[in-house]
file input18.pdb (PDB, C-alpha atoms and all ligand atoms)
ATOM      1  CA  MET A   1     -11.630  94.848 120.272
ATOM      2  CA  GLU A   2     -10.038  92.366 122.636
ATOM      3  CA  PHE A   3      -7.089  93.792 124.529
ATOM      4  CA  ARG A   4      -4.252  91.412 123.678
ATOM      5  CA  HIS A   5      -0.506  91.683 123.592
ATOM      6  CA  ALA A   6       1.672  88.572 123.480
ATOM      7  CA  PRO A   7       4.421  89.225 126.032
ATOM      8  CA  VAL A   8       7.839  89.312 124.375
ATOM      9  CA  MET A   9      10.647  87.047 125.673
ATOM     10  CA  PRO A  10       8.469  85.810 128.567
ATOM     11  CA  GLU A  11      10.815  83.048 129.750
ATOM     12  CA  GLU A  12      13.923  85.205 129.557
ATOM     13  CA  ALA A  13      12.196  88.108 131.338
ATOM     14  CA  LEU A  14      11.166  85.822 134.216
ATOM     15  CA  ARG A  15      14.550  84.128 134.379
ATOM     16  CA  PHE A  16      16.344  87.451 134.858
ATOM     17  CA  LEU A  17      13.722  89.109 137.046
ATOM     18  CA  ALA A  18      13.529  85.950 139.205
ATOM     19  CA  PRO A  19      10.303  86.896 141.053
ATOM     20  CA  ARG A  20       9.693  85.067 144.298
ATOM     21  CA  SER A  21       7.061  84.908 146.956
ATOM     22  CA  GLY A  22       7.182  87.803 149.387
ATOM     23  CA  GLY A  23       8.888  90.147 146.907
ATOM     24  CA  VAL A  24       7.695  93.542 145.674
ATOM     25  CA  TYR A  25       7.940  94.073 141.904
ATOM     26  CA  VAL A  26       7.266  96.790 139.360
ATOM     27  CA  ASP A  27       6.064  96.282 135.819
ATOM     28  CA  GLY A  28       6.707  99.751 134.360
ATOM     29  CA  THR A  29       4.829  98.925 131.154
ATOM     30  CA  LEU A  30       1.624  97.076 131.980
ATOM     31  CA  GLY A  31       0.179  97.158 128.420
ATOM     32  CA  GLY A  32      -2.022  94.101 127.907
ATOM     33  CA  GLY A  33      -0.838  92.691 131.237
ATOM     34  CA  GLY A  34       0.963  89.661 129.756
ATOM     35  CA  HIS A  35       4.224  90.082 131.677
ATOM     36  CA  SER A  36       2.373  91.294 134.765
ATOM     37  CA  GLN A  37       0.348  88.104 134.874
ATOM     38  CA  LEU A  38       3.498  85.985 134.630
ATOM     39  CA  ILE A  39       5.191  87.958 137.411
ATOM     40  CA  LEU A  40       2.140  87.687 139.664
ATOM     41  CA  GLU A  41       1.988  83.941 139.081
ATOM     42  CA  ALA A  42       5.707  83.553 139.725
ATOM     43  CA  CYS A  43       5.679  85.504 143.012
ATOM     44  CA  ALA A  44       2.605  83.720 144.425
ATOM     45  CA  PRO A  45       1.287  83.374 147.020
ATOM     46  CA  ASP A  46       2.102  86.770 148.477
ATOM     47  CA  GLY A  47       4.384  88.724 146.142
ATOM     48  CA  ILE A  48       3.136  92.187 145.188
ATOM     49  CA  LEU A  49       3.178  93.904 141.816
ATOM     50  CA  TYR A  50       2.852  97.614 141.073
ATOM     51  CA  ALA A  51       2.111  98.008 137.369
ATOM     52  CA  PHE A  52       2.442 101.375 135.625
ATOM     53  CA  ASP A  53       1.028 102.568 132.331
ATOM     54  CA  ARG A  54       0.552 106.027 130.868
ATOM     55  CA  ASP A  55      -2.410 104.739 128.933
ATOM     56  CA  ARG A  56      -5.699 104.656 130.859
ATOM     57  CA  ALA A  57      -7.241 102.234 128.339
ATOM     58  CA  ALA A  58      -4.422  99.734 129.011
ATOM     59  CA  LEU A  59      -4.822 100.172 132.762
ATOM     60  CA  SER A  60      -8.518  99.501 132.798
ATOM     61  CA  ALA A  61      -8.371  96.524 130.405
ATOM     62  CA  ALA A  62      -5.382  94.871 132.085
ATOM     63  CA  GLY A  63      -6.795  95.875 135.466
ATOM     64  CA  GLU A  64      -9.905  93.830 134.710
ATOM     65  CA  ARG A  65      -7.878  90.938 133.364
ATOM     66  CA  LEU A  66      -5.709  90.767 136.478
ATOM     67  CA  ALA A  67      -8.408  91.568 139.029
ATOM     68  CA  GLY A  68      -8.325  87.933 140.190
ATOM     69  CA  PHE A  69      -4.955  88.594 141.841
ATOM     70  CA  GLY A  70      -6.767  90.813 144.331
ATOM     71  CA  ASP A  71      -4.667  93.134 146.463
ATOM     72  CA  ARG A  72      -1.389  91.653 145.219
ATOM     73  CA  PHE A  73      -1.885  93.689 142.029
ATOM     74  CA  HIS A  74      -1.712  97.511 142.075
ATOM     75  CA  PRO A  75      -2.271  99.284 138.743
ATOM     76  CA  VAL A  76      -0.909 102.848 138.664
ATOM     77  CA  HIS A  77      -1.625 105.495 136.039
ATOM     78  CA  GLY A  78       1.629 107.287 135.302
ATOM     79  CA  ASN A  79       5.026 107.364 133.664
ATOM     80  CA  PHE A  80       7.479 104.739 134.921
ATOM     81  CA  ALA A  81      10.011 107.577 135.095
ATOM     82  CA  GLU A  82       8.119 108.709 138.201
ATOM     83  CA  MET A  83       7.887 105.269 139.786
ATOM     84  CA  ALA A  84       9.975 106.126 142.841
ATOM     85  CA  GLU A  85       7.707 109.019 143.901
ATOM     86  CA  ALA A  86       4.543 107.027 143.158
ATOM     87  CA  LEU A  87       5.781 104.041 145.160
ATOM     88  CA  ARG A  88       6.921 106.188 148.034
ATOM     89  CA  ALA A  89       3.445 107.741 148.143
ATOM     90  CA  SER A  90       2.154 104.184 148.673
ATOM     91  CA  GLY A  91       4.686 103.569 151.428
ATOM     92  CA  VAL A  92       7.060 101.446 149.304
ATOM     93  CA  THR A  93      10.709 102.433 149.630
ATOM     94  CA  GLY A  94      12.434  99.378 148.152
ATOM     95  CA  ILE A  95      11.573  96.814 145.465
ATOM     96  CA  ASN A  96      12.958  93.411 144.496
ATOM     97  CA  GLY A  97      12.759  93.945 140.775
ATOM     98  CA  PHE A  98      11.431  95.962 137.863
ATOM     99  CA  LEU A  99      10.645  95.173 134.259
ATOM    100  CA  LEU A 100      10.362  97.652 131.373
ATOM    101  CA  ASP A 101       9.016  96.302 128.070
ATOM    102  CA  LEU A 102       9.362  99.433 125.995
ATOM    103  CA  GLY A 103       7.351 100.965 123.187
ATOM    104  CA  VAL A 104       3.713 100.721 122.258
ATOM    105  CA  SER A 105       1.418  97.718 122.656
ATOM    106  CA  SER A 106      -0.230  95.795 119.831
ATOM    107  CA  HIS A 107      -3.518  97.178 121.109
ATOM    108  CA  GLN A 108      -2.324 100.774 120.748
ATOM    109  CA  LEU A 109      -1.085 100.067 117.211
ATOM    110  CA  ASP A 110      -4.304  98.293 116.270
ATOM    111  CA  THR A 111      -6.606 100.995 117.640
ATOM    112  CA  ALA A 112      -6.791 103.197 114.572
ATOM    113  CA  GLU A 113      -8.039 106.330 116.310
ATOM    114  CA  ARG A 114      -4.887 106.510 118.477
ATOM    115  CA  GLY A 115      -2.985 107.551 115.351
ATOM    116  CA  PHE A 116       0.070 105.289 115.886
ATOM    117  CA  SER A 117      -0.374 103.378 112.639
ATOM    118  CA  PHE A 118       0.404 104.539 109.121
ATOM    119  CA  GLN A 119      -1.882 101.814 107.733
ATOM    120  CA  THR A 120      -5.229 103.349 108.682
ATOM    121  CA  ASP A 121      -6.548 106.891 108.567
ATOM    122  CA  ALA A 122      -6.931 108.612 111.917
ATOM    123  CA  PRO A 123      -6.204 111.899 113.688
ATOM    124  CA  LEU A 124      -2.440 112.399 114.155
ATOM    125  CA  ASP A 125      -2.322 111.806 117.903
ATOM    126  CA  MET A 126       0.236 109.155 119.039
ATOM    127  CA  ARG A 127       0.064 110.100 122.724
ATOM    128  CA  MET A 128       0.263 107.128 125.079
ATOM    129  CA  ASP A 129      -1.422 109.322 127.678
ATOM    130  CA  THR A 130      -4.206 110.943 125.693
ATOM    131  CA  GLY A 131      -4.841 113.347 128.543
ATOM    132  CA  SER A 132      -1.547 115.185 128.463
ATOM    133  CA  GLY A 133       0.999 116.907 126.271
ATOM    134  CA  PRO A 134       1.124 117.844 122.608
ATOM    135  CA  SER A 135       0.021 115.334 119.954
ATOM    136  CA  ALA A 136       1.911 114.331 116.809
ATOM    137  CA  GLY A 137      -0.366 116.726 114.909
ATOM    138  CA  ASP A 138       0.749 119.589 117.170
ATOM    139  CA  LEU A 139       4.420 118.812 116.483
ATOM    140  CA  VAL A 140       3.938 118.393 112.741
ATOM    141  CA  ASN A 141       2.033 121.663 112.434
ATOM    142  CA  GLU A 142       3.928 123.828 114.878
ATOM    143  CA  LEU A 143       7.606 122.885 115.076
ATOM    144  CA  PRO A 144      10.143 124.771 112.988
ATOM    145  CA  GLU A 145      11.499 122.853 110.001
ATOM    146  CA  THR A 146      14.928 122.454 111.615
ATOM    147  CA  GLU A 147      13.438 120.838 114.719
ATOM    148  CA  LEU A 148      11.254 118.511 112.647
ATOM    149  CA  THR A 149      14.340 117.519 110.670
ATOM    150  CA  ARG A 150      16.259 116.791 113.874
ATOM    151  CA  ILE A 151      13.476 114.661 115.333
ATOM    152  CA  ILE A 152      12.983 112.631 112.150
ATOM    153  CA  ARG A 153      16.731 112.177 111.683
ATOM    154  CA  GLU A 154      17.654 111.402 115.304
ATOM    155  CA  TYR A 155      14.663 109.361 116.450
ATOM    156  CA  GLY A 156      13.777 107.810 113.096
ATOM    157  CA  GLU A 157      17.341 107.415 111.771
ATOM    158  CA  GLU A 158      15.779 108.566 108.490
ATOM    159  CA  ARG A 159      18.258 109.750 105.864
ATOM    160  CA  TRP A 160      15.536 111.744 104.058
ATOM    161  CA  ALA A 161      14.638 113.679 107.213
ATOM    162  CA  GLN A 162      15.384 117.118 105.846
ATOM    163  CA  ARG A 163      13.347 116.552 102.691
ATOM    164  CA  ILE A 164      10.419 115.098 104.644
ATOM    165  CA  ALA A 165      10.441 118.084 107.027
ATOM    166  CA  ARG A 166      10.593 120.494 104.076
ATOM    167  CA  PHE A 167       7.610 118.784 102.408
ATOM    168  CA  ILE A 168       5.646 118.847 105.674
ATOM    169  CA  VAL A 169       6.252 122.562 106.147
ATOM    170  CA  ALA A 170       5.328 123.306 102.509
ATOM    171  CA  THR A 171       2.073 121.351 102.876
ATOM    172  CA  ARG A 172       1.046 122.779 106.230
ATOM    173  CA  THR A 173       1.258 126.360 104.968
ATOM    174  CA  GLU A 174      -1.714 125.468 102.747
ATOM    175  CA  SER A 175      -3.676 123.635 105.458
ATOM    176  CA  PRO A 176      -2.774 121.837 108.713
ATOM    177  CA  VAL A 177      -1.695 118.199 108.497
ATOM    178  CA  THR A 178      -4.135 116.513 110.845
ATOM    179  CA  THR A 179      -4.428 112.882 109.759
ATOM    180  CA  THR A 180      -2.111 109.899 109.523
ATOM    181  CA  LEU A 181      -2.726 109.153 105.851
ATOM    182  CA  ARG A 182      -2.178 112.782 104.825
ATOM    183  CA  LEU A 183       1.216 112.583 106.521
ATOM    184  CA  VAL A 184       1.905 109.256 104.797
ATOM    185  CA  ASP A 185       1.196 110.908 101.419
ATOM    186  CA  ILE A 186       3.596 113.758 102.214
ATOM    187  CA  ILE A 187       6.334 111.297 103.224
ATOM    188  CA  LYS A 188       5.781 109.208 100.095
ATOM    189  CA  GLY A 189       6.131 112.370  98.030
ATOM    190  CA  ALA A 190       9.327 113.374  99.829
ATOM    191  CA  VAL A 191      11.226 110.069  99.728
ATOM    192  CA  PRO A 192      12.308 109.362  96.141
ATOM    193  CA  ARG A 193      10.619 106.198  94.796
ATOM    194  CA  GLY A 194      13.966 104.560  94.075
ATOM    195  CA  ALA A 195      14.968 104.938  97.736
ATOM    196  CA  TRP A 196      11.946 103.060  99.149
ATOM    197  CA  GLU A 197      13.135  99.972 100.983
ATOM    198  CA  GLU A 198      11.701  96.646  99.953
ATOM    199  CA  ARG A 199      10.568  95.520 103.402
ATOM    200  CA  LEU A 200      10.027  98.858 105.118
ATOM    201  CA  HIS A 201       7.102 101.202 104.506
ATOM    202  CA  PRO A 202       8.496 104.657 103.662
ATOM    203  CA  ALA A 203       6.592 106.171 106.613
ATOM    204  CA  THR A 204       7.927 103.716 109.238
ATOM    205  CA  ARG A 205      10.885 105.795 110.386
ATOM    206  CA  THR A 206       9.050 109.129 110.484
ATOM    207  CA  PHE A 207       6.155 107.631 112.457
ATOM    208  CA  GLN A 208       8.603 106.054 114.913
ATOM    209  CA  ALA A 209      10.380 109.399 115.291
ATOM    210  CA  LEU A 210       7.190 111.346 115.981
ATOM    211  CA  ARG A 211       5.967 108.734 118.456
ATOM    212  CA  ILE A 212       9.274 108.901 120.365
ATOM    213  CA  ALA A 213       9.171 112.711 120.436
ATOM    214  CA  VAL A 214       5.481 112.982 121.398
ATOM    215  CA  ASN A 215       5.956 110.623 124.351
ATOM    216  CA  ASP A 216       9.498 111.705 125.272
ATOM    217  CA  GLU A 217      10.300 108.007 125.193
ATOM    218  CA  LEU A 218      14.074 108.303 125.424
ATOM    219  CA  GLY A 219      13.973 110.875 128.243
ATOM    220  CA  SER A 220      11.482 108.696 130.137
ATOM    221  CA  LEU A 221      13.728 105.683 129.654
ATOM    222  CA  GLU A 222      16.784 107.453 131.090
ATOM    223  CA  ARG A 223      14.818 108.708 134.081
ATOM    224  CA  GLY A 224      13.038 105.371 134.509
ATOM    225  CA  LEU A 225      16.300 103.423 134.624
ATOM    226  CA  ALA A 226      17.728 105.765 137.242
ATOM    227  CA  ALA A 227      14.511 105.623 139.278
ATOM    228  CA  GLY A 228      14.213 101.831 139.032
ATOM    229  CA  VAL A 229      17.810 101.097 139.965
ATOM    230  CA  GLY A 230      17.601 103.743 142.698
ATOM    231  CA  ILE A 231      14.810 101.926 144.542
ATOM    232  CA  LEU A 232      16.037  98.354 143.990
ATOM    233  CA  LYS A 233      16.952  96.540 147.194
ATOM    234  CA  PRO A 234      20.323  94.746 147.286
ATOM    235  CA  GLU A 235      20.173  91.735 144.918
ATOM    236  CA  GLY A 236      17.044  93.211 143.297
ATOM    237  CA  ARG A 237      16.929  92.882 139.514
ATOM    238  CA  GLY A 238      16.222  95.374 136.719
ATOM    239  CA  VAL A 239      15.186  93.941 133.331
ATOM    240  CA  VAL A 240      14.633  95.975 130.170
ATOM    241  CA  ILE A 241      13.352  94.822 126.779
ATOM    242  CA  SER A 242      13.949  97.348 124.008
ATOM    243  CA  PHE A 243      12.970  97.350 120.355
ATOM    244  CA  HIS A 244      15.330  99.653 118.517
ATOM    245  CA  SER A 245      18.946 100.661 118.680
ATOM    246  CA  LEU A 246      18.305 104.095 120.222
ATOM    247  CA  GLU A 247      16.631 102.532 123.250
ATOM    248  CA  ASP A 248      19.091  99.672 123.530
ATOM    249  CA  ARG A 249      22.024 102.075 123.430
ATOM    250  CA  ILE A 250      20.602 104.093 126.323
ATOM    251  CA  VAL A 251      20.044 100.926 128.363
ATOM    252  CA  LYS A 252      23.516  99.583 127.589
ATOM    253  CA  LEU A 253      25.309 102.846 128.449
ATOM    254  CA  CYS A 254      23.248 103.481 131.559
ATOM    255  CA  PHE A 255      23.856  99.973 132.918
ATOM    256  CA  ARG A 256      27.557 100.217 132.060
ATOM    257  CA  GLU A 257      27.824 103.535 133.913
ATOM    258  CA  LEU A 258      26.024 102.146 136.975
ATOM    259  CA  ALA A 259      28.305  99.104 136.979
ATOM    260  CA  ARG A 260      31.471 101.202 136.962
ATOM    261  CA  GLY A 261      33.692 101.356 140.008
ATOM    262  CA  CYS A 262      36.441 103.957 140.116
ATOM    263  CA  ILE A 263      35.828 106.937 137.833
ATOM    264  CA  CYS A 264      39.183 108.674 138.455
ATOM    265  CA  PRO A 265      41.161 109.879 135.413
ATOM    266  CA  ARG A 266      43.460 107.076 134.199
ATOM    267  CA  GLU A 267      46.630 109.007 134.911
ATOM    268  CA  LEU A 268      45.933 109.087 138.674
ATOM    269  CA  PRO A 269      48.084 106.431 140.384
ATOM    270  CA  LEU A 270      45.595 105.921 143.238
ATOM    271  CA  CYS A 271      41.824 106.045 143.351
ATOM    272  CA  GLY A 272      40.552 109.201 144.976
ATOM    273  CA  CYS A 273      36.919 109.116 143.908
ATOM    274  CA  GLY A 274      35.722 106.290 146.130
ATOM    275  CA  HIS A 275      33.052 105.554 143.534
ATOM    276  CA  VAL A 276      31.550 102.082 143.903
ATOM    277  CA  PRO A 277      29.516 100.124 141.356
ATOM    278  CA  GLU A 278      25.780 100.175 142.038
ATOM    279  CA  VAL A 279      24.923  97.147 139.922
ATOM    280  CA  THR A 280      26.339  93.998 138.374
ATOM    281  CA  ILE A 281      25.511  93.483 134.711
ATOM    282  CA  LEU A 282      23.854  90.085 134.196
ATOM    283  CA  THR A 283      23.799  90.190 130.394
ATOM    284  CA  SER A 284      27.278  90.807 128.973
ATOM    285  CA  ARG A 285      25.568  91.241 125.612
ATOM    286  CA  ALA A 286      21.908  91.794 124.830
ATOM    287  CA  VAL A 287      19.835  88.601 124.952
ATOM    288  CA  ARG A 288      17.783  87.983 121.777
ATOM    289  CA  PRO A 289      14.575  85.977 121.407
ATOM    290  CA  GLY A 290      14.710  82.424 120.100
ATOM    291  CA  GLU A 291      13.672  81.440 116.588
ATOM    292  CA  THR A 292      10.446  79.793 117.706
ATOM    293  CA  GLU A 293       9.309  83.028 119.305
ATOM    294  CA  THR A 294      10.247  85.277 116.379
ATOM    295  CA  ALA A 295       8.466  82.922 113.962
ATOM    296  CA  ALA A 296       5.295  83.087 116.070
ATOM    297  CA  ASN A 297       5.471  86.776 117.026
ATOM    298  CA  PRO A 298       7.013  89.156 114.449
ATOM    299  CA  ARG A 299       7.059  91.966 117.060
ATOM    300  CA  ALA A 300       9.711  89.991 118.961
ATOM    301  CA  ARG A 301      12.195  90.090 116.077
ATOM    302  CA  SER A 302      13.889  93.317 117.096
ATOM    303  CA  ALA A 303      13.708  92.671 120.862
ATOM    304  CA  ARG A 304      16.834  92.892 123.014
ATOM    305  CA  LEU A 305      16.857  92.185 126.728
ATOM    306  CA  ARG A 306      19.387  93.505 129.245
ATOM    307  CA  ALA A 307      19.426  92.971 132.996
ATOM    308  CA  VAL A 308      21.287  94.118 136.088
ATOM    309  CA  GLU A 309      21.425  93.146 139.745
ATOM    310  CA  LYS A 310      21.739  95.730 142.495
ATOM    311  CA  ARG A 311      24.842  95.307 144.645
TER     312      ARG A 311
HETATM  313  C1  LIG B   1       5.055  96.978 124.755
HETATM  314  S1  LIG B   1       3.710  97.433 125.714
HETATM  315  C2  LIG B   1       3.852  96.405 127.124
HETATM  316  C3  LIG B   1       3.219  95.077 126.954
HETATM  317  C4  LIG B   1       3.196  94.236 128.208
HETATM  318  N1  LIG B   1       4.523  93.922 128.671
HETATM  319  C5  LIG B   1       2.392  92.966 128.019
HETATM  320  O1  LIG B   1       2.937  91.881 128.214
HETATM  321  O2  LIG B   1       1.204  93.048 127.685
HETATM  322  C6  LIG B   1       4.215  98.955 126.363
HETATM  323  C7  LIG B   1       3.177  99.621 127.262
HETATM  324  O3  LIG B   1       3.887 100.511 128.097
HETATM  325  C8  LIG B   1       3.291 101.769 128.116
HETATM  326  N2  LIG B   1       4.391 102.715 128.284
HETATM  327  C9  LIG B   1       5.389 103.007 127.419
HETATM  328  N3  LIG B   1       6.225 103.908 127.938
HETATM  329  C10 LIG B   1       5.759 104.171 129.189
HETATM  330  C11 LIG B   1       6.207 105.007 130.253
HETATM  331  N4  LIG B   1       7.285 105.797 130.115
HETATM  332  N5  LIG B   1       5.526 104.993 131.406
HETATM  333  C12 LIG B   1       4.417 104.215 131.572
HETATM  334  N6  LIG B   1       3.930 103.425 130.592
HETATM  335  C13 LIG B   1       4.596 103.404 129.419
HETATM  336  C14 LIG B   1       2.539 101.886 126.813
HETATM  337  O4  LIG B   1       1.437 102.742 126.979
HETATM  338  C15 LIG B   1       2.146 100.441 126.532
HETATM  339  O5  LIG B   1       0.858 100.164 127.036
END
call {"tool": "encode", "arguments": {"input": "input18.pdb", "output": "structure tokens"}}
result
Amino acid sequence: MEFRHAPVMPEEALRFLAPRSGGVYVDGTLGGGGHSQLILEACAPDGILYAFDRDRAALSAAGERLAGFGDRFHPVHGNFAEMAEALRASGVTGINGFLLDLGVSSHQLDTAERGFSFQTDAPLDMRMDTGSGPSAGDLVNELPETELTRIIREYGEERWAQRIARFIVATRTESPVTTTLRLVDIIKGAVPRGAWEERLHPATRTFQALRIAVNDELGSLERGLAAGVGILKPEGRGVVISFHSLEDRIVKLCFRELARGCICPRELPLCGCGHVPEVTILTSRAVRPGETETAANPRARSARLRAVEKR
């Protein structure tokens, strides 16, 4: 299968990241390499890009695709949450910008055996890094019902979470739930037919929730934002594209916190904290893709972009 992923909000991402020749940039989510290619082109002739992915398949495919950029392009296997350590190990202590384009790639969704999709039967895996950590099958078969309920409710915003978790636990006592379509059947049995939404498969929210939990996506995002902003040089830019409200909320609150000056209690007449803002917010509200893009690329529909500049 060809490794393709149409980069979301390409013009907006470049406008806010503003790559230029001589700069050092990080693409925290290499995926199919679409954004990376644009950044490398925009920072020619001598800008440098470090591109992270937890998925070795993405790294090798995009690595091949971008090999023509020679030693300006550095693919790194790892979580973007650990970008500061990884960069430091390569002698890089400051960067001019980073981009995070969150979630899974079209390639990951389309590769049935990765277990991300509820459309095709496959082992329940869902790990971006197939070499580490528990799989979705491990969570589904081993977590207590209360924890499964919490994950499905919090990360999937699924109102039938408790019932789905109860049905999973009842099924797994007979035999382990090891495949995507078996889980889909359980979810379909748990969500009352009348509550199925017209344009949303009943398994969408539960699959999203498990994927987020398996990959600790929200924890990685919080740590990645802190790491990225921490190593930005003055006037360096951080750009994040998120795809659901849980991610966008984390980005919004984190940027707001970093942009805050004084954090003294309001009743204090004079500032005693000396706290200074680390960043300026460049997007007072999230930037959304244009209609032409959403018509051509359905994945872009839920995208929201936020950006900051280091002070
Ligand atoms: C939406 S895709 C990125 C697509 C890419 N921007 C492009 O234009 O082709 C997200 C990619 O980031 C990777 N990823 C997600 N979270 C990650 C993390 N915390 N650390 C490293 N890679 C991550 C996924 O494995 C996936 O390949």
call {"tool": "residues_near_ligand", "arguments": {"input": "input18.pdb", "ligand": "ligand LIG 1 (chain B)", "cutoff": "6 Å", "atoms": "only C-alpha atoms and all ligand atoms", "output": "VMD selection string"}}
result
chain A and resid 5 to 7 28 to 35 52 to 55 58 78 to 81 101 to 105 128 220
call {"tool": "resolve_selection", "arguments": {"input": "input18.pdb", "expression": "the PyMOL selection byres (((chain A and resi 161) around 10) and not hetatm)", "output": "list in words"}}
result
Thr146, Leu148, Thr149, Arg150, Ile151, Ile152, Arg153, Glu154, Gly156, Glu157, Glu158, Arg159, Trp160, Gln162, Arg163, Ile164, Ala165, Arg166, Phe167, Ile187, Ala190, Val191, Arg205 and Thr206 of chain A
call {"tool": "resolve_selection", "arguments": {"input": "input18.pdb", "expression": "the PyMOL selection byres (((chain A and resi 64) around 12) and not hetatm)", "output": "list of chain:residue names"}}
result
A:Phe3, A:Gly32, A:Gly33, A:Gln37, A:Ala57, A:Ala58, A:Leu59, A:Ser60, A:Ala61, A:Ala62, A:Gly63, A:Arg65, A:Leu66, A:Ala67, A:Gly68, A:Phe69, A:Gly70, A:Phe73, A:His74, A:Pro75
call {"tool": "resolve_selection", "arguments": {"input": "input18.pdb", "expression": "the PyMOL selection byres (((chain A and resi 276) around 10) and not hetatm)", "output": "JSON, numbers by chain"}}
result
{"A": [258, 259, 260, 261, 262, 263, 273, 274, 275, 277, 278, 279, 311]}
call {"tool": "atom_distance", "arguments": {"input": "input18.pdb", "atom1": "CA of Leu40 in chain A", "atom2": "CA of Ala295 in chain A"}}
result
26.9 Å
call {"tool": "atom_distance", "arguments": {"input": "input18.pdb", "atom1": "CA of Leu139 in chain A", "atom2": "CA of Arg211 in chain A"}}
result
10.4 Å
call {"tool": "closest_residue", "arguments": {"input": "input18.pdb", "among": "A:Glu247, A:His201, A:Leu270, A:Ala170", "to": "Ile186 in chain A", "atoms": "all atoms listed in the file"}}
result
A:Ala170
call {"tool": "closest_residue", "arguments": {"input": "input18.pdb", "among": "A:Thr178, A:Leu17, A:His244, A:Val287", "to": "Gly97 in chain A", "atoms": "only C-alpha atoms"}}
result
A:Leu17
call {"tool": "decode", "arguments": {"input": "input18.pdb", "residues": "range 52-67 of chain A", "atoms": "N, CA and C atoms", "output": "mmCIF file, in the first residue's frame"}}
result
data_model
loop_
_atom_site.group_PDB
_atom_site.id
_atom_site.type_symbol
_atom_site.label_atom_id
_atom_site.label_comp_id
_atom_site.auth_asym_id
_atom_site.auth_seq_id
_atom_site.Cartn_x
_atom_site.Cartn_y
_atom_site.Cartn_z
ATOM 1 N N PHE A 52 9.883 13.456 14.262
ATOM 2 C CA PHE A 52 9.657 12.349 15.185
ATOM 3 C C PHE A 52 8.434 11.532 14.769
ATOM 4 N N ASP A 53 8.490 10.250 14.998
ATOM 5 C CA ASP A 53 7.284 9.419 14.950
ATOM 6 C C ASP A 53 7.508 8.203 15.833
ATOM 7 N N ARG A 54 6.412 7.765 16.482
ATOM 8 C CA ARG A 54 6.507 6.574 17.323
ATOM 9 C C ARG A 54 6.390 5.320 16.483
ATOM 10 N N ASP A 55 5.999 5.523 15.226
ATOM 11 C CA ASP A 55 5.679 4.402 14.360
ATOM 12 C C ASP A 55 6.836 4.159 13.390
ATOM 13 N N ARG A 56 7.494 2.995 13.531
ATOM 14 C CA ARG A 56 8.666 2.730 12.685
ATOM 15 C C ARG A 56 8.296 2.634 11.210
ATOM 16 N N ALA A 57 7.066 2.152 10.931
ATOM 17 C CA ALA A 57 6.642 2.033 9.521
ATOM 18 C C ALA A 57 6.563 3.426 8.904
ATOM 19 N N ALA A 58 6.020 4.398 9.657
ATOM 20 C CA ALA A 58 5.928 5.775 9.149
ATOM 21 C C ALA A 58 7.331 6.328 8.914
ATOM 22 N N LEU A 59 8.225 6.071 9.876
ATOM 23 C CA LEU A 59 9.583 6.612 9.754
ATOM 24 C C LEU A 59 10.290 6.088 8.521
ATOM 25 N N SER A 60 10.146 4.774 8.264
ATOM 26 C CA SER A 60 10.913 4.275 7.130
ATOM 27 C C SER A 60 10.282 4.725 5.819
ATOM 28 N N ALA A 61 8.939 4.764 5.742
ATOM 29 C CA ALA A 61 8.315 5.187 4.480
ATOM 30 C C ALA A 61 8.583 6.671 4.213
ATOM 31 N N ALA A 62 8.346 7.513 5.237
ATOM 32 C CA ALA A 62 8.564 8.946 5.023
ATOM 33 C C ALA A 62 10.057 9.221 4.873
ATOM 34 N N GLY A 63 10.872 8.430 5.580
ATOM 35 C CA GLY A 63 12.318 8.578 5.474
ATOM 36 C C GLY A 63 12.760 8.418 4.025
ATOM 37 N N GLU A 64 12.210 7.396 3.371
ATOM 38 C CA GLU A 64 12.545 7.160 1.958
ATOM 39 C C GLU A 64 12.066 8.323 1.094
ATOM 40 N N ARG A 65 10.825 8.748 1.383
ATOM 41 C CA ARG A 65 10.222 9.796 0.566
ATOM 42 C C ARG A 65 11.020 11.104 0.651
ATOM 43 N N LEU A 66 11.599 11.356 1.828
ATOM 44 C CA LEU A 66 12.265 12.640 2.039
ATOM 45 C C LEU A 66 13.790 12.535 1.960
ATOM 46 N N ALA A 67 14.254 11.364 1.526
ATOM 47 C CA ALA A 67 15.709 11.132 1.497
ATOM 48 C C ALA A 67 16.423 12.173 0.635
#
